[in-house]
Amino acid sequence: MSDPLHIAGKTYQSRLLIGTGKYKDFEETRQAVEASGAEIVTVAVRRTNLGQEPGEPNLLDFVTPDKYTILPNTAGCFNAEDAVRTCKLARELLDGHKLVKLEVLGDQKTLYPNIAHTVRAAQQLVDDGFDVMVYTNDDPIVARELEDMGCVSVMPLGSLIGSGLGVLNPHNLLLIMEEAKVPIIVDAGVGTPSDATLAMELGCDGILMNSAIAHARKPVLMASAMKKAIEAGREGLLAGRMPKRAFANPSSPSEGLVS
C-alpha cells in the first residue's frame with residue numbers, strides 16, 4: 001500500500017517518528033531506530049552530542065543523516081529566546097538544516113507547553129526560514145494559529161511527556177484534524193502499541209514517541225511493536241470501521257437457512 005507522509009516537501013513511508021533520548025547507549029538507540037522503521041529521528045540539541053563536543057561519542061555516527069532525516073528539537077527550553085537560539089545552533093551543526101521541532105516548556109513538573117512562548121518562537125523561526133514542526137497542547141485554536149503562521153506540522157500532545165497515559169482527549173484531536181491542512185503528529189503520552197493504534201485510527205498523520213520505547217523492558221522489541229501498531233491503525237482508518245449498533249447483527253444472513 002502506497003500511503004506516504006509528506007512533511008516540508010519530503011515524502012516518508014513511515015508514520016512513526018522516534019526520539020533518541022533515554023536509551024542506555026547510542027548502540028541501543030541505533031538498534032531501536034532500525035527496528036522501528038522510522039525515517040525521521042528527533043534529537044535534543046541541548047542534551048545530545050552532534051559534534052559540539054569533539055572527542056565524545058557522536059549520535060550521528062550511529063544514526064546517520066544519509067539514512068535518516070535528523071529532526072533537531074529544543075527539549076529543555078523554557079522560553080522563546082533559548083528555543084530560537086537552539087534551532088540556530090542546530091542549523092550550524094547540521095550544515096544549514098532547516099527542519100526543526102520546536103518545543104517550549106512551561107515547567108519542570110508537567111513539561112506542558114508554554115503557548116505564549118511557543119507562538120512567539122514559532123513566528124521568529126518561520127520568518128528566519130526554518131521549517132517548523134511544533135509541539136503544542138490540544139487546543140484547536142492554537143493549532144490553527146500555528147498552522148496559519150506557516151508551521152509545516154502541528155504536534156499536539158496525547159498526554160503529558162513521558163507519562164504513558166495514552167490519548168486522553170481524542171475529541172480535541174478530532175477538532176484539530178478536522179480543519180488542519182498540515183500533518184497532525186501526536187507528540188507525547190503514548191505508552192503502548194494500542195495507544196498508537198488508537199491515535200492512528202482517529203486520523204492522526206503520525207506519532208512521535210521516545211519514552212514508550214526507550215523505557216520498555218526490551219526497547220528494540222517495543223520499537224518493532226510500535227511500527228506494526230501504527231501501520232495497523234493507519235490501515236484500519238483507511239479501511240473504514242463497521243458502524244456501531246445498539247443491537248446484535250448476526251454475522252451470517254438469516255435468509256436461506258436449512259429448515
# chains A, B, ... in the order shown; residues from 1 in each chain; ligands from 1

call {"tool": "residues_around", "arguments": {"residues": "Leu237 (chain A)", "least_positions_apart": "6", "cutoff": "8 Å", "atoms": "only C-alpha atoms", "output": "JSON, numbers by chain"}}
result
{"A": [200, 201, 202, 203]}

call {"tool": "write_last_selection", "arguments": {"atoms": "N, CA, C and O atoms", "output": "PDB file, in the first residue's frame"}}
result
ATOM      1  N   MET A 200      -3.805   6.561  15.551  1.00  0.00           N
ATOM      2  CA  MET A 200      -3.834   6.462  14.092  1.00  0.00           C
ATOM      3  C   MET A 200      -5.253   6.224  13.581  1.00  0.00           C
ATOM      4  O   MET A 200      -5.654   6.750  12.541  1.00  0.00           O
ATOM      5  N   GLU A 201      -6.042   5.439  14.311  1.00  0.00           N
ATOM      6  CA  GLU A 201      -7.427   5.206  13.904  1.00  0.00           C
ATOM      7  C   GLU A 201      -8.250   6.495  13.972  1.00  0.00           C
ATOM      8  O   GLU A 201      -9.209   6.665  13.214  1.00  0.00           O
ATOM      9  N   LEU A 202      -7.878   7.401  14.864  1.00  0.00           N
ATOM     10  CA  LEU A 202      -8.564   8.686  14.942  1.00  0.00           C
ATOM     11  C   LEU A 202      -8.339   9.530  13.695  1.00  0.00           C
ATOM     12  O   LEU A 202      -9.146  10.400  13.371  1.00  0.00           O
ATOM     13  N   GLY A 203      -7.204   9.279  13.021  1.00  0.00           N
ATOM     14  CA  GLY A 203      -6.901  10.040  11.814  1.00  0.00           C
ATOM     15  C   GLY A 203      -5.641  10.873  11.899  1.00  0.00           C
ATOM     16  O   GLY A 203      -5.365  11.664  10.992  1.00  0.00           O
TER      17      GLY A 203
END

call {"tool": "residues_around", "arguments": {"residues": "region 23-31 of chain A", "least_positions_apart": "2", "cutoff": "10 Å", "atoms": "only C-alpha atoms", "output": "PyMOL selection string"}}
result
chain A and resi 18-21+33-36+57-64+210-211+213-216+219-221+223

call {"tool": "residues_around", "arguments": {"residues": "Ala44 (chain A)", "least_positions_apart": "6", "cutoff": "12 Å", "atoms": "only C-alpha atoms", "output": "ChimeraX atom specification"}}
result
/A:18-22,50,59,70-77,83,86-87,89-90,100-103,210

call {"tool": "select_by_dssp", "arguments": {"residues": "region 118-238 of chain A", "states": "helix (DSSP H, G or I)", "output": "PDB file with N, CA and C atoms, in the first residue's frame"}}
result
ATOM      1  N   THR A 118       5.779  29.563  22.843  1.00  0.00           N
ATOM      2  CA  THR A 118       5.788  28.696  21.664  1.00  0.00           C
ATOM      3  C   THR A 118       5.386  29.475  20.414  1.00  0.00           C
ATOM      4  N   VAL A 119       4.320  30.233  20.516  1.00  0.00           N
ATOM      5  CA  VAL A 119       3.841  31.018  19.370  1.00  0.00           C
ATOM      6  C   VAL A 119       4.892  32.054  18.957  1.00  0.00           C
ATOM      7  N   ARG A 120       5.489  32.701  19.941  1.00  0.00           N
ATOM      8  CA  ARG A 120       6.491  33.728  19.631  1.00  0.00           C
ATOM      9  C   ARG A 120       7.716  33.114  18.944  1.00  0.00           C
ATOM     10  N   ALA A 121       8.187  31.990  19.481  1.00  0.00           N
ATOM     11  CA  ALA A 121       9.348  31.342  18.883  1.00  0.00           C
ATOM     12  C   ALA A 121       9.037  30.802  17.491  1.00  0.00           C
ATOM     13  N   ALA A 122       7.845  30.239  17.328  1.00  0.00           N
ATOM     14  CA  ALA A 122       7.464  29.694  16.029  1.00  0.00           C
ATOM     15  C   ALA A 122       7.469  30.775  14.961  1.00  0.00           C
ATOM     16  N   GLN A 123       6.927  31.945  15.288  1.00  0.00           N
ATOM     17  CA  GLN A 123       6.891  33.035  14.310  1.00  0.00           C
ATOM     18  C   GLN A 123       8.299  33.493  13.939  1.00  0.00           C
ATOM     19  N   GLN A 124       9.180  33.604  14.926  1.00  0.00           N
ATOM     20  CA  GLN A 124      10.555  34.022  14.642  1.00  0.00           C
ATOM     21  C   GLN A 124      11.268  33.008  13.753  1.00  0.00           C
ATOM     22  N   LEU A 125      11.057  31.726  14.024  1.00  0.00           N
ATOM     23  CA  LEU A 125      11.739  30.689  13.247  1.00  0.00           C
ATOM     24  C   LEU A 125      11.205  30.617  11.822  1.00  0.00           C
ATOM     25  N   VAL A 126       9.895  30.707  11.669  1.00  0.00           N
ATOM     26  CA  VAL A 126       9.304  30.714  10.322  1.00  0.00           C
ATOM     27  C   VAL A 126       9.830  31.906   9.536  1.00  0.00           C
ATOM     28  N   ASP A 127       9.882  33.072  10.161  1.00  0.00           N
ATOM     29  CA  ASP A 127      10.379  34.274   9.498  1.00  0.00           C
ATOM     30  C   ASP A 127      11.848  34.137   9.107  1.00  0.00           C
ATOM     31  N   PRO A 140      -7.562  23.424  19.647  1.00  0.00           N
ATOM     32  CA  PRO A 140      -7.705  23.600  18.196  1.00  0.00           C
ATOM     33  C   PRO A 140      -7.473  25.033  17.728  1.00  0.00           C
ATOM     34  N   ILE A 141      -7.716  26.023  18.580  1.00  0.00           N
ATOM     35  CA  ILE A 141      -7.497  27.418  18.206  1.00  0.00           C
ATOM     36  C   ILE A 141      -5.998  27.689  18.080  1.00  0.00           C
ATOM     37  N   VAL A 142      -5.235  27.213  19.043  1.00  0.00           N
ATOM     38  CA  VAL A 142      -3.780  27.370  18.994  1.00  0.00           C
ATOM     39  C   VAL A 142      -3.213  26.620  17.790  1.00  0.00           C
ATOM     40  N   ALA A 143      -3.707  25.418  17.546  1.00  0.00           N
ATOM     41  CA  ALA A 143      -3.229  24.630  16.404  1.00  0.00           C
ATOM     42  C   ALA A 143      -3.450  25.384  15.099  1.00  0.00           C
ATOM     43  N   ARG A 144      -4.618  26.002  14.968  1.00  0.00           N
ATOM     44  CA  ARG A 144      -4.919  26.756  13.750  1.00  0.00           C
ATOM     45  C   ARG A 144      -3.979  27.952  13.601  1.00  0.00           C
ATOM     46  N   GLU A 145      -3.710  28.634  14.707  1.00  0.00           N
ATOM     47  CA  GLU A 145      -2.821  29.798  14.659  1.00  0.00           C
ATOM     48  C   GLU A 145      -1.412  29.399  14.225  1.00  0.00           C
ATOM     49  N   LEU A 146      -0.919  28.286  14.752  1.00  0.00           N
ATOM     50  CA  LEU A 146       0.419  27.815  14.396  1.00  0.00           C
ATOM     51  C   LEU A 146       0.487  27.412  12.924  1.00  0.00           C
ATOM     52  N   GLU A 147      -0.559  26.761  12.439  1.00  0.00           N
ATOM     53  CA  GLU A 147      -0.589  26.412  11.019  1.00  0.00           C
ATOM     54  C   GLU A 147      -0.635  27.666  10.159  1.00  0.00           C
ATOM     55  N   ASP A 148      -1.474  28.630  10.532  1.00  0.00           N
ATOM     56  CA  ASP A 148      -1.640  29.844   9.731  1.00  0.00           C
ATOM     57  C   ASP A 148      -0.350  30.645   9.628  1.00  0.00           C
ATOM     58  N   MET A 149       0.491  30.594  10.658  1.00  0.00           N
ATOM     59  CA  MET A 149       1.735  31.359  10.594  1.00  0.00           C
ATOM     60  C   MET A 149       2.797  30.679   9.739  1.00  0.00           C
ATOM     61  N   PRO A 170      -9.370  12.507  22.899  1.00  0.00           N
ATOM     62  CA  PRO A 170      -9.499  12.281  21.453  1.00  0.00           C
ATOM     63  C   PRO A 170     -10.391  13.292  20.758  1.00  0.00           C
ATOM     64  N   HIS A 171     -11.348  13.856  21.483  1.00  0.00           N
ATOM     65  CA  HIS A 171     -12.283  14.796  20.862  1.00  0.00           C
ATOM     66  C   HIS A 171     -11.568  16.072  20.397  1.00  0.00           C
ATOM     67  N   ASN A 172     -10.630  16.559  21.200  1.00  0.00           N
ATOM     68  CA  ASN A 172      -9.880  17.736  20.780  1.00  0.00           C
ATOM     69  C   ASN A 172      -8.989  17.433  19.584  1.00  0.00           C
ATOM     70  N   LEU A 173      -8.394  16.253  19.569  1.00  0.00           N
ATOM     71  CA  LEU A 173      -7.582  15.881  18.411  1.00  0.00           C
ATOM     72  C   LEU A 173      -8.430  15.858  17.138  1.00  0.00           C
ATOM     73  N   LEU A 174      -9.646  15.347  17.263  1.00  0.00           N
ATOM     74  CA  LEU A 174     -10.537  15.318  16.103  1.00  0.00           C
ATOM     75  C   LEU A 174     -10.863  16.732  15.632  1.00  0.00           C
ATOM     76  N   LEU A 175     -11.074  17.651  16.569  1.00  0.00           N
ATOM     77  CA  LEU A 175     -11.336  19.041  16.199  1.00  0.00           C
ATOM     78  C   LEU A 175     -10.148  19.651  15.465  1.00  0.00           C
ATOM     79  N   ILE A 176      -8.950  19.340  15.928  1.00  0.00           N
ATOM     80  CA  ILE A 176      -7.746  19.857  15.277  1.00  0.00           C
ATOM     81  C   ILE A 176      -7.613  19.299  13.864  1.00  0.00           C
ATOM     82  N   MET A 177      -7.798  17.995  13.737  1.00  0.00           N
ATOM     83  CA  MET A 177      -7.622  17.353  12.429  1.00  0.00           C
ATOM     84  C   MET A 177      -8.688  17.765  11.431  1.00  0.00           C
ATOM     85  N   GLU A 178      -9.856  18.118  11.926  1.00  0.00           N
ATOM     86  CA  GLU A 178     -10.971  18.476  11.061  1.00  0.00           C
ATOM     87  C   GLU A 178     -10.640  19.683  10.186  1.00  0.00           C
ATOM     88  N   GLU A 179      -9.835  20.610  10.703  1.00  0.00           N
ATOM     89  CA  GLU A 179      -9.534  21.835   9.970  1.00  0.00           C
ATOM     90  C   GLU A 179      -8.122  21.866   9.402  1.00  0.00           C
ATOM     91  N   PRO A 193       1.508  -0.047  22.349  1.00  0.00           N
ATOM     92  CA  PRO A 193       1.118  -0.142  20.937  1.00  0.00           C
ATOM     93  C   PRO A 193      -0.366   0.154  20.721  1.00  0.00           C
ATOM     94  N   SER A 194      -1.221  -0.247  21.666  1.00  0.00           N
ATOM     95  CA  SER A 194      -2.651   0.036  21.496  1.00  0.00           C
ATOM     96  C   SER A 194      -2.933   1.538  21.534  1.00  0.00           C
ATOM     97  N   ASP A 195      -2.164   2.304  22.317  1.00  0.00           N
ATOM     98  CA  ASP A 195      -2.292   3.768  22.305  1.00  0.00           C
ATOM     99  C   ASP A 195      -1.977   4.308  20.913  1.00  0.00           C
ATOM    100  N   ALA A 196      -0.917   3.794  20.327  1.00  0.00           N
ATOM    101  CA  ALA A 196      -0.506   4.251  18.999  1.00  0.00           C
ATOM    102  C   ALA A 196      -1.558   3.912  17.955  1.00  0.00           C
ATOM    103  N   THR A 197      -2.100   2.713  18.041  1.00  0.00           N
ATOM    104  CA  THR A 197      -3.131   2.310  17.086  1.00  0.00           C
ATOM    105  C   THR A 197      -4.353   3.200  17.200  1.00  0.00           C
ATOM    106  N   LEU A 198      -4.776   3.503  18.424  1.00  0.00           N
ATOM    107  CA  LEU A 198      -5.932   4.370  18.629  1.00  0.00           C
ATOM    108  C   LEU A 198      -5.709   5.743  17.999  1.00  0.00           C
ATOM    109  N   ALA A 199      -4.541   6.326  18.230  1.00  0.00           N
ATOM    110  CA  ALA A 199      -4.259   7.645  17.670  1.00  0.00           C
ATOM    111  C   ALA A 199      -4.318   7.620  16.148  1.00  0.00           C
ATOM    112  N   MET A 200      -3.805   6.561  15.551  1.00  0.00           N
ATOM    113  CA  MET A 200      -3.834   6.462  14.092  1.00  0.00           C
ATOM    114  C   MET A 200      -5.253   6.224  13.581  1.00  0.00           C
ATOM    115  N   GLU A 201      -6.042   5.439  14.311  1.00  0.00           N
ATOM    116  CA  GLU A 201      -7.427   5.206  13.904  1.00  0.00           C
ATOM    117  C   GLU A 201      -8.250   6.495  13.972  1.00  0.00           C
ATOM    118  N   LEU A 202      -7.878   7.401  14.864  1.00  0.00           N
ATOM    119  CA  LEU A 202      -8.564   8.686  14.942  1.00  0.00           C
ATOM    120  C   LEU A 202      -8.339   9.530  13.695  1.00  0.00           C
ATOM    121  N   SER A 211       9.789   7.870  25.098  1.00  0.00           N
ATOM    122  CA  SER A 211       9.767   7.136  26.372  1.00  0.00           C
ATOM    123  C   SER A 211       9.116   5.767  26.249  1.00  0.00           C
ATOM    124  N   ALA A 212       8.049   5.661  25.468  1.00  0.00           N
ATOM    125  CA  ALA A 212       7.336   4.385  25.360  1.00  0.00           C
ATOM    126  C   ALA A 212       8.243   3.281  24.845  1.00  0.00           C
ATOM    127  N   ILE A 213       9.220   3.647  24.040  1.00  0.00           N
ATOM    128  CA  ILE A 213      10.171   2.660  23.518  1.00  0.00           C
ATOM    129  C   ILE A 213      11.387   2.556  24.430  1.00  0.00           C
ATOM    130  N   ALA A 214      12.000   3.682  24.734  1.00  0.00           N
ATOM    131  CA  ALA A 214      13.257   3.669  25.489  1.00  0.00           C
ATOM    132  C   ALA A 214      13.090   3.122  26.903  1.00  0.00           C
ATOM    133  N   PRO A 219      13.568  -2.401  24.702  1.00  0.00           N
ATOM    134  CA  PRO A 219      13.295  -1.275  23.813  1.00  0.00           C
ATOM    135  C   PRO A 219      13.262  -1.636  22.333  1.00  0.00           C
ATOM    136  N   VAL A 220      14.153  -2.483  21.894  1.00  0.00           N
ATOM    137  CA  VAL A 220      14.203  -2.814  20.463  1.00  0.00           C
ATOM    138  C   VAL A 220      12.951  -3.580  20.049  1.00  0.00           C
ATOM    139  N   LEU A 221      12.508  -4.494  20.898  1.00  0.00           N
ATOM    140  CA  LEU A 221      11.278  -5.235  20.610  1.00  0.00           C
ATOM    141  C   LEU A 221      10.071  -4.292  20.628  1.00  0.00           C
ATOM    142  N   MET A 222      10.035  -3.346  21.569  1.00  0.00           N
ATOM    143  CA  MET A 222       8.933  -2.397  21.610  1.00  0.00           C
ATOM    144  C   MET A 222       8.930  -1.504  20.370  1.00  0.00           C
ATOM    145  N   ALA A 223      10.100  -1.144  19.889  1.00  0.00           N
ATOM    146  CA  ALA A 223      10.171  -0.344  18.664  1.00  0.00           C
ATOM    147  C   ALA A 223       9.526  -1.082  17.501  1.00  0.00           C
ATOM    148  N   SER A 224       9.774  -2.371  17.416  1.00  0.00           N
ATOM    149  CA  SER A 224       9.158  -3.185  16.375  1.00  0.00           C
ATOM    150  C   SER A 224       7.652  -3.253  16.557  1.00  0.00           C
ATOM    151  N   ALA A 225       7.205  -3.393  17.800  1.00  0.00           N
ATOM    152  CA  ALA A 225       5.766  -3.445  18.081  1.00  0.00           C
ATOM    153  C   ALA A 225       5.088  -2.136  17.696  1.00  0.00           C
ATOM    154  N   MET A 226       5.720  -1.005  17.986  1.00  0.00           N
ATOM    155  CA  MET A 226       5.134   0.289  17.650  1.00  0.00           C
ATOM    156  C   MET A 226       5.031   0.479  16.148  1.00  0.00           C
ATOM    157  N   LYS A 227       6.013  -0.007  15.432  1.00  0.00           N
ATOM    158  CA  LYS A 227       5.948   0.059  13.963  1.00  0.00           C
ATOM    159  C   LYS A 227       4.694  -0.640  13.453  1.00  0.00           C
ATOM    160  N   LYS A 228       4.456  -1.843  13.942  1.00  0.00           N
ATOM    161  CA  LYS A 228       3.293  -2.620  13.493  1.00  0.00           C
ATOM    162  C   LYS A 228       1.986  -1.963  13.949  1.00  0.00           C
ATOM    163  N   ALA A 229       1.982  -1.406  15.168  1.00  0.00           N
ATOM    164  CA  ALA A 229       0.764  -0.789  15.695  1.00  0.00           C
ATOM    165  C   ALA A 229       0.346   0.413  14.860  1.00  0.00           C
ATOM    166  N   ILE A 230       1.307   1.216  14.469  1.00  0.00           N
ATOM    167  CA  ILE A 230       0.990   2.398  13.671  1.00  0.00           C
ATOM    168  C   ILE A 230       0.522   1.994  12.281  1.00  0.00           C
ATOM    169  N   GLU A 231       1.146   0.993  11.710  1.00  0.00           N
ATOM    170  CA  GLU A 231       0.699   0.510  10.399  1.00  0.00           C
ATOM    171  C   GLU A 231      -0.726  -0.045  10.480  1.00  0.00           C
ATOM    172  N   ALA A 232      -1.016  -0.803  11.548  1.00  0.00           N
ATOM    173  CA  ALA A 232      -2.364  -1.370  11.710  1.00  0.00           C
ATOM    174  C   ALA A 232      -3.399  -0.273  11.902  1.00  0.00           C
ATOM    175  N   GLY A 233      -3.074   0.727  12.718  1.00  0.00           N
ATOM    176  CA  GLY A 233      -4.019   1.816  12.945  1.00  0.00           C
ATOM    177  C   GLY A 233      -4.297   2.608  11.687  1.00  0.00           C
ATOM    178  N   ARG A 234      -3.273   2.852  10.906  1.00  0.00           N
ATOM    179  CA  ARG A 234      -3.452   3.597   9.661  1.00  0.00           C
ATOM    180  C   ARG A 234      -4.293   2.796   8.662  1.00  0.00           C
ATOM    181  N   GLU A 235      -3.993   1.515   8.520  1.00  0.00           N
ATOM    182  CA  GLU A 235      -4.771   0.684   7.603  1.00  0.00           C
ATOM    183  C   GLU A 235      -6.216   0.563   8.065  1.00  0.00           C
ATOM    184  N   GLY A 236      -6.415   0.480   9.388  1.00  0.00           N
ATOM    185  CA  GLY A 236      -7.777   0.424   9.914  1.00  0.00           C
ATOM    186  C   GLY A 236      -8.555   1.680   9.594  1.00  0.00           C
ATOM    187  N   LEU A 237      -7.892   2.836   9.698  1.00  0.00           N
ATOM    188  CA  LEU A 237      -8.550   4.104   9.352  1.00  0.00           C
ATOM    189  C   LEU A 237      -8.953   4.114   7.878  1.00  0.00           C
ATOM    190  N   LEU A 238      -8.016   3.738   7.023  1.00  0.00           N
ATOM    191  CA  LEU A 238      -8.284   3.781   5.588  1.00  0.00           C
ATOM    192  C   LEU A 238      -9.336   2.741   5.183  1.00  0.00           C
TER     193      LEU A 238
END

call {"tool": "atom_distance", "arguments": {"atom1": "CA of Thr136 (chain A)", "atom2": "CA of Leu16 (chain A)"}}
result
18.2 Å
